[in-house]
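Colleague: Below are the structure tokens for one structure; questions will follow.
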Amino acid sequence: MNEEKFPGPIRVPLTTAKEWEKRYDDDTTVEDLKNKVKSYLIPRESLELVLKLGTEAVRAYIGINDDNEKTLLFVGAKYDEKTGKYVDVYGPPEGMVEGGDVVYDGSRPSPPF
């Protein structure tokens, strides 16, 4: 992916996001300093969509997307008084071909972006 195609897909099916999270969890490579991710370029649309969920908080999961880039996956989080923990709140699938809940992405690691 290059900057001309930024931000790329914003809505990511929950099933795909879970694959990306697992890929990150299973990654045992150590980054060299030249390629070490220091920040993320995040499209405004991703933040606006997750904020539209009206939750008190936002959780960012780390994943590795299909281009083998580390990425942040955004979901809303609301406090559950019964459990005393924050629970994930996913976005509606509007505009998605696969259907189901979505998380929001579009972020790109820096470097190189």
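Labels for the structure tokens follow display order: chains A, B, ..., residues from 1 in each chain, ligands from 1.
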As a ChimeraX atom specification, please: all residues of range 11-60 of chain A that backbone DSSP puts in strand (DSSP E).

Modeller: /A:11-13,39-41,57-60

Colleague: Once you count only C-alpha atoms, what closest atom pair and distance in Å to one decimal does each residue of range 62-92 of chain A within 12 Å of range 13-18 of chain A have, with rows by chain and rising residue number, as a tab-separated table?

Modeller:
residue	atom	partner	partner_atom	distance
A:Ile62	CA	A:Ala17	CA	9.4
A:Gly63	CA	A:Ala17	CA	7.3
A:Ile64	CA	A:Ala17	CA	9.0
A:Asn65	CA	A:Ala17	CA	8.3
A:Asp66	CA	A:Thr16	CA	9.4
A:Lys70	CA	A:Ala17	CA	12.0
A:Thr71	CA	A:Ala17	CA	10.0
A:Leu72	CA	A:Ala17	CA	9.7
A:Leu73	CA	A:Ala17	CA	7.2
A:Phe74	CA	A:Ala17	CA	9.8
A:Val75	CA	A:Leu14	CA	10.0
A:Asp88	CA	A:Leu14	CA	11.4
A:Val89	CA	A:Leu14	CA	11.0
A:Tyr90	CA	A:Leu14	CA	8.0
A:Gly91	CA	A:Leu14	CA	9.2
A:Pro92	CA	A:Pro13	CA	9.8

Colleague: Kindly save the residues from that selection, with N, CA, C and O atoms included, as a compact mmCIF listing (two decimals), in the first residue's frame.

Modeller:
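File again.txt, as written:
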# COMPACT_ATOMS: atom_id res chain seq x y z
N ILE A 62 -4.22 -4.12 18.11
CA ILE A 62 -3.11 -4.16 17.15
C ILE A 62 -3.27 -5.41 16.31
O ILE A 62 -3.53 -6.50 16.83
N GLY A 63 -3.12 -5.25 15.00
CA GLY A 63 -3.22 -6.38 14.09
C GLY A 63 -2.19 -6.28 12.98
O GLY A 63 -1.47 -5.28 12.87
N ILE A 64 -2.11 -7.30 12.17
CA ILE A 64 -1.28 -7.29 10.96
C ILE A 64 -2.23 -7.56 9.80
O ILE A 64 -2.87 -8.62 9.74
N ASN A 65 -2.36 -6.58 8.90
CA ASN A 65 -3.34 -6.70 7.82
C ASN A 65 -2.84 -7.59 6.69
O ASN A 65 -1.76 -8.19 6.78
N ASP A 66 -3.62 -7.66 5.63
CA ASP A 66 -3.29 -8.55 4.51
C ASP A 66 -2.09 -8.07 3.69
O ASP A 66 -1.57 -8.81 2.87
N LYS A 70 1.53 -3.61 10.21
CA LYS A 70 0.90 -3.48 11.53
C LYS A 70 -0.15 -2.38 11.41
O LYS A 70 0.06 -1.37 10.75
N THR A 71 -1.28 -2.61 12.05
CA THR A 71 -2.38 -1.67 11.96
C THR A 71 -3.10 -1.57 13.29
O THR A 71 -2.96 -2.46 14.14
N LEU A 72 -3.85 -0.50 13.48
CA LEU A 72 -4.69 -0.33 14.66
C LEU A 72 -6.14 -0.53 14.23
O LEU A 72 -6.57 -0.01 13.21
N LEU A 73 -6.88 -1.29 15.01
CA LEU A 73 -8.28 -1.57 14.75
C LEU A 73 -9.10 -0.95 15.88
O LEU A 73 -8.88 -1.26 17.05
N PHE A 74 -10.01 -0.04 15.54
CA PHE A 74 -10.74 0.74 16.54
C PHE A 74 -12.14 0.19 16.77
O PHE A 74 -12.88 -0.06 15.81
N VAL A 75 -12.52 0.04 18.04
CA VAL A 75 -13.88 -0.32 18.43
C VAL A 75 -14.29 0.59 19.58
O VAL A 75 -13.45 1.10 20.31
N ASP A 88 -16.51 -4.38 24.31
CA ASP A 88 -16.40 -3.84 22.96
C ASP A 88 -17.77 -3.61 22.35
O ASP A 88 -18.70 -4.39 22.54
N VAL A 89 -17.87 -2.51 21.59
CA VAL A 89 -19.07 -2.17 20.84
C VAL A 89 -18.63 -1.99 19.39
O VAL A 89 -17.79 -1.13 19.09
N TYR A 90 -19.19 -2.81 18.51
CA TYR A 90 -18.78 -2.80 17.11
C TYR A 90 -19.72 -1.93 16.29
O TYR A 90 -20.86 -1.68 16.66
N GLY A 91 -19.21 -1.49 15.15
CA GLY A 91 -19.99 -0.65 14.26
C GLY A 91 -20.95 -1.46 13.41
O GLY A 91 -20.79 -2.67 13.25
N PRO A 92 -21.95 -0.76 12.84
CA PRO A 92 -22.90 -1.43 11.96
C PRO A 92 -22.22 -1.76 10.63
O PRO A 92 -21.27 -1.09 10.22

Colleague: One number please: CA of Lys38 in chain A to CA of Pro109 in chain A, in Å, one decimal.

Modeller: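 Interatomic distance, CA of Lys38 in chain A to CA of Pro109 in chain A: 7.6 Å.
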
Colleague: Contacts of Tyr86 in chain A at 12 Å or less, counting only C-alpha atoms, minus same-chain residues fewer than 3 places along, as a list in words?

Modeller: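 The contact residues come out as Thr55, Glu56, Ala57, Val58, Arg59, Val75, Gly76, Ala77, Lys78, Tyr79, Asp80, Glu81, Lys82, Thr83 and Val89 of chain A.
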
Colleague: Given only C-alpha atoms as the basis, pick out the residue of A:Pro93, A:Gly100, A:Gly106, A:Pro43 nearest to Ile10 in chain A.

Modeller: A:Gly106

Colleague: Measuring between only C-alpha atoms, which one of A:Tyr104, A:Tyr40, A:Asp67, A:Pro111 shows the shortest distance to Arg23 in chain A?

Modeller: A:Asp67

Colleague: Determine, counting only C-alpha atoms, which protein, DNA and RNA residues have an atom within 12 Å of an atom of Asn68 in chain A; residues of the same chain fewer than 6 positions away are not included. Present the result as a ChimeraX atom specification.

Modeller: /A:1,20-21,23-24,27,108-109

Colleague: Looking only at alpha helix (DSSP H) from DSSP on the backbone, list the matching residues of chain A as a PyMOL selection string.

Modeller: chain A and resi 14-26+44-51

Colleague: CA of Val12 in chain A to CA of Gly54 in chain A: how many Å, to one decimal?

Modeller: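 Computed distance, CA of Val12 in chain A to CA of Gly54 in chain A, equals 19.0 Å.
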
Colleague: Taking only C-alpha atoms into account, which of A:Arg11, A:Lys85, A:Lys52, A:Arg44 comes nearest Asp101 in chain A?

Modeller: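 Closest to Asp101 in chain A, using only C-alpha atoms: A:Arg11.
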
Colleague: At what distance in Å, to one decimal, does CA of Leu47 in chain A lie from CA of Lys22 in chain A?

Modeller: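 Computing the Euclidean distance for CA of Lys22 in chain A and CA of Leu47 in chain A yields 23.0 Å.
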